[in-house]
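Student: This is work.cif, which holds mmCIF, C-alpha atoms:
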data_protein
loop_
_atom_site.group_PDB
_atom_site.id
_atom_site.type_symbol
_atom_site.label_atom_id
_atom_site.label_comp_id
_atom_site.auth_asym_id
_atom_site.auth_seq_id
_atom_site.Cartn_x
_atom_site.Cartn_y
_atom_site.Cartn_z
ATOM 1 C CA MET A 1084 29.212 -5.877 60.340
ATOM 2 C CA ASN A 1085 26.062 -3.984 61.314
ATOM 3 C CA LEU A 1086 26.007 -5.815 64.636
ATOM 4 C CA LYS A 1087 29.597 -4.792 65.386
ATOM 5 C CA LEU A 1088 28.842 -1.197 64.427
ATOM 6 C CA GLU A 1089 25.749 -1.160 66.637
ATOM 7 C CA ARG A 1090 27.759 -2.464 69.594
ATOM 8 C CA ALA A 1091 30.487 0.125 69.005
ATOM 9 C CA ILE A 1092 27.946 2.959 68.876
ATOM 10 C CA ARG A 1093 26.208 1.709 72.013
ATOM 11 C CA LEU A 1094 29.523 1.426 73.852
ATOM 12 C CA THR A 1095 30.584 4.900 72.720
ATOM 13 C CA LEU A 1096 27.321 6.465 73.845
ATOM 14 C CA SER A 1097 27.619 4.695 77.208
ATOM 15 C CA TYR A 1098 31.099 6.101 77.758
ATOM 16 C CA ILE A 1099 29.947 9.586 76.752
ATOM 17 C CA VAL A 1100 27.089 9.462 79.274
ATOM 18 C CA ILE A 1101 29.457 8.177 81.991
ATOM 19 C CA LEU A 1102 31.969 10.947 81.260
ATOM 20 C CA ILE A 1103 29.279 13.647 81.344
ATOM 21 C CA MET A 1104 27.848 12.395 84.631
ATOM 22 C CA SER A 1105 31.334 12.067 86.136
ATOM 23 C CA ALA A 1106 32.124 15.657 85.138
ATOM 24 C CA ILE A 1107 28.868 16.896 86.692
ATOM 25 C CA VAL A 1108 29.658 15.095 89.959
ATOM 26 C CA LEU A 1109 33.376 15.849 90.154
ATOM 27 C CA TYR A 1110 33.362 19.494 89.011
ATOM 28 C CA PRO A 1111 31.977 20.999 92.260
ATOM 29 C CA VAL A 1112 34.152 18.644 94.328
ATOM 30 C CA VAL A 1113 37.313 19.795 92.534
ATOM 31 C CA TRP A 1114 36.238 23.432 92.981
ATOM 32 C CA ILE A 1115 35.739 22.981 96.721
ATOM 33 C CA ILE A 1116 39.115 21.288 97.129
ATOM 34 C CA GLY A 1117 40.837 23.929 95.008
ATOM 35 C CA SER A 1118 39.157 26.775 96.888
ATOM 36 C CA SER A 1119 40.300 25.357 100.220
ATOM 37 C CA PHE A 1120 43.932 25.869 99.148
ATOM 38 C CA ASN A 1121 43.402 29.393 97.790
ATOM 39 C CA PRO A 1122 44.733 32.227 99.970
ATOM 40 C CA GLY A 1123 42.290 34.907 101.055
ATOM 41 C CA ASP A 1124 38.675 34.606 102.136
ATOM 42 C CA SER A 1125 36.732 35.346 98.955
ATOM 43 C CA LEU A 1126 35.738 32.873 96.253
ATOM 44 C CA SER A 1127 35.790 35.574 93.583
ATOM 45 C CA GLY A 1128 39.567 35.295 93.221
ATOM 46 C CA SER A 1129 39.700 31.530 93.728
ATOM 47 C CA THR A 1130 40.632 29.112 90.982
ATOM 48 C CA MET A 1131 40.108 25.405 90.552
ATOM 49 C CA ILE A 1132 43.879 24.913 90.508
ATOM 50 C CA PRO A 1133 45.327 27.550 92.879
ATOM 51 C CA LYS A 1134 48.482 29.316 91.746
ATOM 52 C CA ASN A 1135 49.682 30.044 95.282
ATOM 53 C CA ALA A 1136 48.376 27.014 97.156
ATOM 54 C CA SER A 1137 48.375 27.420 100.921
ATOM 55 C CA LEU A 1138 47.416 25.337 103.946
ATOM 56 C CA VAL A 1139 46.636 28.428 106.002
ATOM 57 C CA HIS A 1140 42.886 27.704 106.166
ATOM 58 C CA TYR A 1141 43.456 24.182 107.454
ATOM 59 C CA LYS A 1142 45.874 25.525 110.066
ATOM 60 C CA GLU A 1143 43.280 28.072 111.192
ATOM 61 C CA LEU A 1144 40.639 25.354 111.530
ATOM 62 C CA PHE A 1145 42.928 23.302 113.781
ATOM 63 C CA ASP A 1146 43.963 26.331 115.818
ATOM 64 C CA THR A 1147 41.640 26.269 118.834
ATOM 65 C CA THR A 1148 42.357 29.941 119.560
ATOM 66 C CA GLN A 1149 40.898 31.002 116.186
ATOM 67 C CA SER A 1150 38.185 28.441 115.552
ATOM 68 C CA ASN A 1151 35.915 25.950 117.321
ATOM 69 C CA TYR A 1152 36.096 23.618 114.329
ATOM 70 C CA LEU A 1153 37.627 20.697 116.238
ATOM 71 C CA LEU A 1154 34.926 21.014 118.904
ATOM 72 C CA TRP A 1155 32.216 21.061 116.226
ATOM 73 C CA TYR A 1156 33.845 18.032 114.607
ATOM 74 C CA TRP A 1157 33.807 16.130 117.890
ATOM 75 C CA ASN A 1158 30.189 17.104 118.547
ATOM 76 C CA THR A 1159 29.158 15.858 115.102
ATOM 77 C CA LEU A 1160 31.108 12.599 115.386
ATOM 78 C CA LYS A 1161 29.582 11.939 118.800
ATOM 79 C CA ILE A 1162 26.069 12.533 117.482
ATOM 80 C CA CYS A 1163 26.704 10.482 114.321
ATOM 81 C CA LEU A 1164 28.128 7.481 116.167
ATOM 82 C CA ALA A 1165 25.346 7.500 118.756
ATOM 83 C CA THR A 1166 22.699 7.879 116.043
ATOM 84 C CA MET A 1167 24.224 5.063 114.009
ATOM 85 C CA PHE A 1168 24.411 2.680 116.975
ATOM 86 C CA PHE A 1169 20.929 3.259 118.364
ATOM 87 C CA SER A 1170 19.352 3.422 114.905
ATOM 88 C CA VAL A 1171 20.815 0.066 113.881
ATOM 89 C CA LEU A 1172 19.718 -1.420 117.210
ATOM 90 C CA ALA A 1173 16.139 -0.115 117.008
ATOM 91 C CA ILE A 1174 15.737 -0.797 113.290
ATOM 92 C CA SER A 1175 17.083 -4.353 113.600
ATOM 93 C CA PHE A 1176 14.589 -5.287 116.321
ATOM 94 C CA THR A 1177 11.708 -3.568 114.527
ATOM 95 C CA ALA A 1178 12.472 -5.057 111.107
ATOM 96 C CA TYR A 1179 12.933 -8.533 112.612
ATOM 97 C CA ALA A 1180 9.556 -8.306 114.354
ATOM 98 C CA PHE A 1181 7.773 -7.230 111.174
ATOM 99 C CA SER A 1182 9.568 -9.851 109.090
ATOM 100 C CA ARG A 1183 9.239 -12.887 111.338
ATOM 101 C CA TYR A 1184 6.128 -12.375 113.489
ATOM 102 C CA ARG A 1185 2.446 -12.082 112.676
ATOM 103 C CA PHE A 1186 0.539 -9.874 115.123
ATOM 104 C CA VAL A 1187 -2.475 -7.598 115.287
ATOM 105 C CA GLY A 1188 -1.771 -4.270 113.614
ATOM 106 C CA ARG A 1189 1.231 -5.541 111.642
ATOM 107 C CA LYS A 1190 -0.140 -4.482 108.267
ATOM 108 C CA ASN A 1191 -1.340 -1.131 109.573
ATOM 109 C CA GLY A 1192 2.042 -0.573 111.197
ATOM 110 C CA LEU A 1193 3.849 -1.150 107.903
ATOM 111 C CA VAL A 1194 1.474 1.197 106.097
ATOM 112 C CA THR A 1195 2.067 3.818 108.794
ATOM 113 C CA PHE A 1196 5.829 3.489 108.336
ATOM 114 C CA LEU A 1197 5.345 3.839 104.575
ATOM 115 C CA VAL A 1198 3.429 7.092 105.077
ATOM 116 C CA LEU A 1199 5.837 8.443 107.710
ATOM 117 C CA GLN A 1200 8.889 7.943 105.504
ATOM 118 C CA MET A 1201 7.362 10.331 102.983
ATOM 119 C CA ILE A 1202 7.332 13.136 105.574
ATOM 120 C CA PRO A 1203 10.738 14.755 106.265
ATOM 121 C CA ASN A 1204 11.735 15.488 109.847
ATOM 122 C CA PHE A 1205 11.955 19.244 109.333
ATOM 123 C CA SER A 1206 8.266 19.401 108.365
ATOM 124 C CA ALA A 1207 7.498 18.830 112.055
ATOM 125 C CA LEU A 1208 9.923 21.486 113.297
ATOM 126 C CA ILE A 1209 7.380 23.310 115.443
ATOM 127 C CA ALA A 1210 6.229 20.107 117.141
ATOM 128 C CA LEU A 1211 9.826 18.955 117.657
ATOM 129 C CA PHE A 1212 10.828 22.315 119.128
ATOM 130 C CA ILE A 1213 7.879 22.392 121.539
ATOM 131 C CA LEU A 1214 8.517 18.772 122.578
ATOM 132 C CA ALA A 1215 12.217 19.504 123.177
ATOM 133 C CA GLN A 1216 11.281 22.592 125.185
ATOM 134 C CA LEU A 1217 8.776 20.704 127.357
ATOM 135 C CA THR A 1218 11.303 17.943 128.076
ATOM 136 C CA GLY A 1219 14.175 20.345 128.731
ATOM 137 C CA LEU A 1220 16.211 19.081 125.784
ATOM 138 C CA ILE A 1221 16.742 22.415 124.019
ATOM 139 C CA ASP A 1222 20.450 23.024 123.344
ATOM 140 C CA THR A 1223 21.393 19.397 124.001
ATOM 141 C CA HIS A 1224 22.856 16.771 121.715
ATOM 142 C CA LEU A 1225 20.469 14.190 123.162
ATOM 143 C CA SER A 1226 17.547 15.942 121.471
ATOM 144 C CA LEU A 1227 19.241 15.629 118.076
ATOM 145 C CA ILE A 1228 20.099 11.971 118.630
ATOM 146 C CA LEU A 1229 16.529 11.098 119.605
ATOM 147 C CA ILE A 1230 15.084 12.928 116.589
ATOM 148 C CA TYR A 1231 17.560 11.363 114.164
ATOM 149 C CA VAL A 1232 16.977 7.861 115.539
ATOM 150 C CA GLY A 1233 13.200 8.240 115.498
ATOM 151 C CA GLY A 1234 13.223 9.704 112.005
ATOM 152 C CA ALA A 1235 15.374 6.870 110.666
ATOM 153 C CA ILE A 1236 13.120 4.031 111.829
ATOM 154 C CA PRO A 1237 10.289 4.147 109.212
ATOM 155 C CA MET A 1238 12.326 4.109 105.995
ATOM 156 C CA ASN A 1239 15.117 1.859 107.228
ATOM 157 C CA THR A 1240 12.680 -0.618 108.762
ATOM 158 C CA TRP A 1241 11.153 -1.166 105.318
ATOM 159 C CA LEU A 1242 14.649 -1.485 103.846
ATOM 160 C CA MET A 1243 15.862 -4.037 106.385
ATOM 161 C CA LYS A 1244 12.565 -5.959 106.478
ATOM 162 C CA GLY A 1245 12.808 -6.521 102.726
ATOM 163 C CA TYR A 1246 16.247 -8.049 103.186
ATOM 164 C CA LEU A 1247 15.259 -10.185 106.189
ATOM 165 C CA ASP A 1248 12.346 -11.577 104.179
ATOM 166 C CA THR A 1249 14.898 -13.136 101.792
ATOM 167 C CA ILE A 1250 16.518 -15.136 104.629
ATOM 168 C CA PRO A 1251 14.810 -18.569 104.716
ATOM 169 C CA LYS A 1252 12.531 -19.055 107.700
ATOM 170 C CA GLU A 1253 13.572 -22.709 107.771
ATOM 171 C CA LEU A 1254 16.728 -21.544 109.558
ATOM 172 C CA ASP A 1255 14.594 -20.156 112.392
ATOM 173 C CA GLU A 1256 12.576 -23.369 112.603
ATOM 174 C CA SER A 1257 15.701 -25.552 112.679
ATOM 175 C CA ALA A 1258 17.228 -23.464 115.447
ATOM 176 C CA ARG A 1259 13.957 -23.538 117.392
ATOM 177 C CA MET A 1260 13.895 -27.332 117.183
ATOM 178 C CA ASP A 1261 17.397 -27.351 118.673
ATOM 179 C CA GLY A 1262 16.121 -25.336 121.640
ATOM 180 C CA ALA A 1263 17.137 -21.820 120.612
ATOM 181 C CA GLY A 1264 14.918 -18.961 121.790
ATOM 182 C CA HIS A 1265 13.796 -15.944 119.785
ATOM 183 C CA PHE A 1266 16.565 -13.673 121.018
ATOM 184 C CA ARG A 1267 19.286 -16.253 120.338
ATOM 185 C CA ILE A 1268 17.949 -16.833 116.818
ATOM 186 C CA PHE A 1269 17.955 -13.088 116.236
ATOM 187 C CA ILE A 1270 21.513 -12.547 117.527
ATOM 188 C CA GLN A 1271 23.319 -15.682 116.352
ATOM 189 C CA ILE A 1272 21.530 -16.573 113.108
ATOM 190 C CA ILE A 1273 19.652 -13.672 111.555
ATOM 191 C CA MET A 1274 21.975 -10.768 112.325
ATOM 192 C CA PRO A 1275 25.173 -12.415 110.977
ATOM 193 C CA LEU A 1276 23.332 -13.129 107.721
ATOM 194 C CA ALA A 1277 22.021 -9.561 107.613
ATOM 195 C CA LYS A 1278 25.439 -7.865 107.804
ATOM 196 C CA PRO A 1279 25.151 -6.296 104.309
ATOM 197 C CA ILE A 1280 21.888 -4.496 105.074
ATOM 198 C CA ILE A 1281 23.126 -3.560 108.564
ATOM 199 C CA ALA A 1282 26.152 -1.931 106.892
ATOM 200 C CA VAL A 1283 23.875 0.042 104.562
ATOM 201 C CA VAL A 1284 21.651 1.215 107.430
ATOM 202 C CA ALA A 1285 24.692 2.113 109.536
ATOM 203 C CA LEU A 1286 26.194 4.206 106.733
ATOM 204 C CA PHE A 1287 22.929 6.042 106.021
ATOM 205 C CA ASN A 1288 22.428 6.922 109.672
ATOM 206 C CA PHE A 1289 26.047 8.005 110.097
ATOM 207 C CA ILE A 1290 25.860 10.376 107.134
ATOM 208 C CA GLY A 1291 22.478 11.867 108.124
ATOM 209 C CA PRO A 1292 23.627 14.059 111.076
ATOM 210 C CA PHE A 1293 26.618 15.269 109.034
ATOM 211 C CA THR A 1294 24.326 16.707 106.370
ATOM 212 C CA ASP A 1295 21.490 17.982 108.573
ATOM 213 C CA PHE A 1296 21.383 21.704 109.183
ATOM 214 C CA ILE A 1297 17.802 22.826 109.834
ATOM 215 C CA ILE A 1298 16.990 20.725 112.915
ATOM 216 C CA ALA A 1299 20.426 21.313 114.473
ATOM 217 C CA LYS A 1300 20.143 25.056 113.857
ATOM 218 C CA ILE A 1301 16.736 25.214 115.549
ATOM 219 C CA LEU A 1302 17.571 23.128 118.627
ATOM 220 C CA ILE A 1303 21.224 23.988 119.315
ATOM 221 C CA ARG A 1304 21.891 27.496 120.637
ATOM 222 C CA SER A 1305 25.377 27.433 122.193
ATOM 223 C CA GLU A 1306 28.337 27.821 119.844
ATOM 224 C CA GLU A 1307 30.345 25.206 121.736
ATOM 225 C CA LYS A 1308 27.565 22.674 121.043
ATOM 226 C CA TYR A 1309 27.261 23.383 117.309
ATOM 227 C CA THR A 1310 27.488 20.590 114.790
ATOM 228 C CA LEU A 1311 29.690 21.003 111.719
ATOM 229 C CA ALA A 1312 26.811 22.051 109.473
ATOM 230 C CA VAL A 1313 25.740 24.844 111.823
ATOM 231 C CA GLY A 1314 29.284 25.910 112.651
ATOM 232 C CA LEU A 1315 30.406 26.081 109.026
ATOM 233 C CA TYR A 1316 27.273 28.024 108.108
ATOM 234 C CA ASP A 1317 28.312 30.707 110.572
ATOM 235 C CA LEU A 1318 31.553 31.158 108.634
ATOM 236 C CA VAL A 1319 29.649 32.319 105.542
ATOM 237 C CA ALA A 1320 26.608 33.894 107.218
ATOM 238 C CA LYS A 1321 28.387 36.876 108.719
ATOM 239 C CA GLN A 1322 27.354 40.305 107.546
ATOM 240 C CA PHE A 1323 31.002 41.254 107.103
ATOM 241 C CA GLY A 1324 34.087 39.103 106.642
ATOM 242 C CA ASN A 1325 32.582 35.922 105.194
ATOM 243 C CA GLU A 1326 35.186 33.159 105.185
ATOM 244 C CA PHE A 1327 34.292 31.147 102.097
ATOM 245 C CA THR A 1328 37.684 29.523 101.592
ATOM 246 C CA LYS A 1329 37.857 28.407 105.228
ATOM 247 C CA PHE A 1330 34.340 27.034 104.771
ATOM 248 C CA ALA A 1331 35.637 25.057 101.768
ATOM 249 C CA ALA A 1332 38.508 23.651 103.837
ATOM 250 C CA GLY A 1333 36.108 22.582 106.577
ATOM 251 C CA SER A 1334 33.822 20.974 104.000
ATOM 252 C CA VAL A 1335 36.694 18.912 102.579
ATOM 253 C CA LEU A 1336 37.547 17.491 106.014
ATOM 254 C CA ILE A 1337 33.948 16.368 106.538
ATOM 255 C CA ALA A 1338 34.414 13.691 103.883
ATOM 256 C CA ILE A 1339 37.181 11.901 105.818
ATOM 257 C CA PRO A 1340 35.140 9.906 108.410
ATOM 258 C CA ILE A 1341 32.423 9.153 105.833
ATOM 259 C CA ALA A 1342 35.014 7.813 103.390
ATOM 260 C CA ILE A 1343 36.692 5.728 106.123
ATOM 261 C CA LEU A 1344 33.361 4.189 107.171
ATOM 262 C CA PHE A 1345 32.378 3.504 103.555
ATOM 263 C CA LEU A 1346 35.695 1.816 102.760
ATOM 264 C CA SER A 1347 35.572 -0.277 105.941
ATOM 265 C CA LEU A 1348 32.038 -1.483 105.138
ATOM 266 C CA GLN A 1349 32.572 -1.866 101.403
ATOM 267 C CA LYS A 1350 32.993 -5.642 101.517
ATOM 268 C CA TYR A 1351 29.526 -5.968 103.038
ATOM 269 C CA PHE A 1352 28.021 -3.842 100.253
ATOM 270 C CA ILE A 1353 29.572 -6.150 97.665
ATOM 271 C CA SER A 1354 28.384 -9.295 99.459
ATOM 272 C CA GLY A 1355 24.932 -7.767 99.739
ATOM 273 C CA LEU A 1356 24.761 -7.231 95.994
ATOM 274 C CA THR A 1357 25.910 -10.764 95.211
ATOM 275 C CA ALA A 1358 23.533 -12.248 97.804
ATOM 276 C CA GLY A 1359 20.651 -10.297 96.363
ATOM 277 C CA GLY A 1360 21.471 -11.617 92.903
ATOM 278 C CA THR A 1361 21.513 -15.275 93.924
ATOM 279 C CA LYS A 1362 18.624 -15.498 96.412
ATOM 280 C CA GLY A 1363 15.141 -16.540 95.411
#
Turn this file's structure into structure tokens for me.
Tutor:
Amino acid sequence: MNLKLERAIRLTLSYIVILIMSAIVLYPVVWIIGSSFNPGDSLSGSTMIPKNASLVHYKELFDTTQSNYLLWYWNTLKICLATMFFSVLAISFTAYAFSRYRFVGRKNGLVTFLVLQMIPNFSALIALFILAQLTGLIDTHLSLILIYVGGAIPMNTWLMKGYLDTIPKELDESARMDGAGHFRIFIQIIMPLAKPIIAVVALFNFIGPFTDFIIAKILIRSEEKYTLAVGLYDLVAKQFGNEFTKFAAGSVLIAIPIAILFLSLQKYFISGLTAGGTKG
């Protein structure tokens, strides 16, 4: 009887903790969604469940005569997709080299990556700005892509290397005995088995440019080249006429491509968890 009571108490406490954490996470999300449907520009009169729900803010965002939101959205998607592609490419080659090869400086290189991942990109803002200015990359999307890709390599290399280490090296040796070269082993054997970790790295590097504001604000000057974070900030940074509800509507739409990518890669996340539980 005591054992059943203990289990019931433990289960009840677990559900209470889950409900509290869910409320903490969902409360601001519901407020943002509700505010996006509230008429007017101020949040002071907004409610979580709007009485006079309106799509006027979404219409204004899609009206190119009133807002550059669609242009900012395209700029951000372009940067995110390019960052994701080149990051996965660079990180895959780097992680494979550190996982499979033994070379001079390998240990020091890993330690350097470990130290670099503790330093955020924006801590080197002055150096990044000067470098972009010297190379003529101020006010270009290429500068953001290069910074995002370079900043993603240290942490994600450690992440992917740890996964590649769990793939048996006997597979490489068997393929090598059959005449396969290093590049063919990498493309046809290792990468298909590493799809779960590739999906994780791809998602992280797709989300990164969506959430970055500081670096984009420093390097991008033209309004037509703004990313979503910088463009939406301008809606609430005006001295007069701050458009908080339109900002909320724009924030809601940001979640769409991230949710689509997450759902499309979800099967790889699940397989990664099951693979991690059975290996070793």
Student: Which residues, named as in the file, does the PyMOL selection byres ((chain A and resi 1183-1198) around 9) pick out? Answer as a short mmCIF file (atom, residue, chain, number, x, y, z; two decimals) with C-alpha atoms, in the coordinates of the input.
Tutor:
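File part-v2.cif, as written:
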data_model
loop_
_atom_site.label_atom_id
_atom_site.label_comp_id
_atom_site.auth_asym_id
_atom_site.auth_seq_id
_atom_site.Cartn_x
_atom_site.Cartn_y
_atom_site.Cartn_z
CA ALA A 1178 12.47 -5.06 111.11
CA TYR A 1179 12.93 -8.53 112.61
CA ALA A 1180 9.56 -8.31 114.35
CA PHE A 1181 7.77 -7.23 111.17
CA SER A 1182 9.57 -9.85 109.09
CA LEU A 1199 5.84 8.44 107.71
CA GLN A 1200 8.89 7.94 105.50
CA MET A 1201 7.36 10.33 102.98
CA ILE A 1202 7.33 13.14 105.57
CA ILE A 1236 13.12 4.03 111.83
CA PRO A 1237 10.29 4.15 109.21
CA MET A 1238 12.33 4.11 106.00
CA THR A 1240 12.68 -0.62 108.76
CA TRP A 1241 11.15 -1.17 105.32
CA LEU A 1247 15.26 -10.18 106.19
CA ASP A 1248 12.35 -11.58 104.18
CA LYS A 1252 12.53 -19.06 107.70
#
Student: Residues at most 12 Å from Ser1226 (chain A), counting only C-alpha atoms, excluding those fewer than 5 positions away in the same chain, as a PyMOL selection string?
Tutor: chain A and resi 1162+1165-1166+1211-1221+1231-1233+1298-1299+1301-1303
Student: Apply the PyMOL selection byres ((chain A and resi 1109-1114) around 12) to the displayed file and report the matching residues as a list in words.
Tutor: Ile1101, Leu1102, Ile1103, Met1104, Ser1105, Ala1106, Ile1107, Val1108, Ile1115, Ile1116, Gly1117, Ser1118, Ser1119, Phe1120, Asn1121, Leu1126, Ser1129, Thr1130, Met1131, Ile1132, Pro1133, Thr1328, Ala1331, Ala1332, Ser1334, Val1335 and Ala1338 of chain A
Student: What does the structure give for the distance between CA of His1224 (chain A) and CA of Asn1158 (chain A), in Å to one decimal?
Tutor: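 Value for the CA of His1224 (chain A)-CA of Asn1158 (chain A) distance: 8.0 Å.
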Student: To verify the selection step, state as a count of residues only which residues the PyMOL selection byres ((chain A and resi 1160) around 10) yields on this input.
Tutor: 18
Student: Check the smallest atom-to-atom distance from each of A:Ser1097, A:Thr1177, A:Ser1137, A:Asn1151 to Pro1122 (chain A) using only C-alpha atoms, then report the winner.
Tutor: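 Among the listed residues, the smallest separation from Pro1122 (chain A) belongs to A:Ser1137.
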Student: Would you work out the distance separating CA of Pro1275 (chain A) from CA of Leu1348 (chain A), expressed in Å to one decimal?
Tutor: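 CA of Pro1275 (chain A) sits 14.2 Å away from CA of Leu1348 (chain A).
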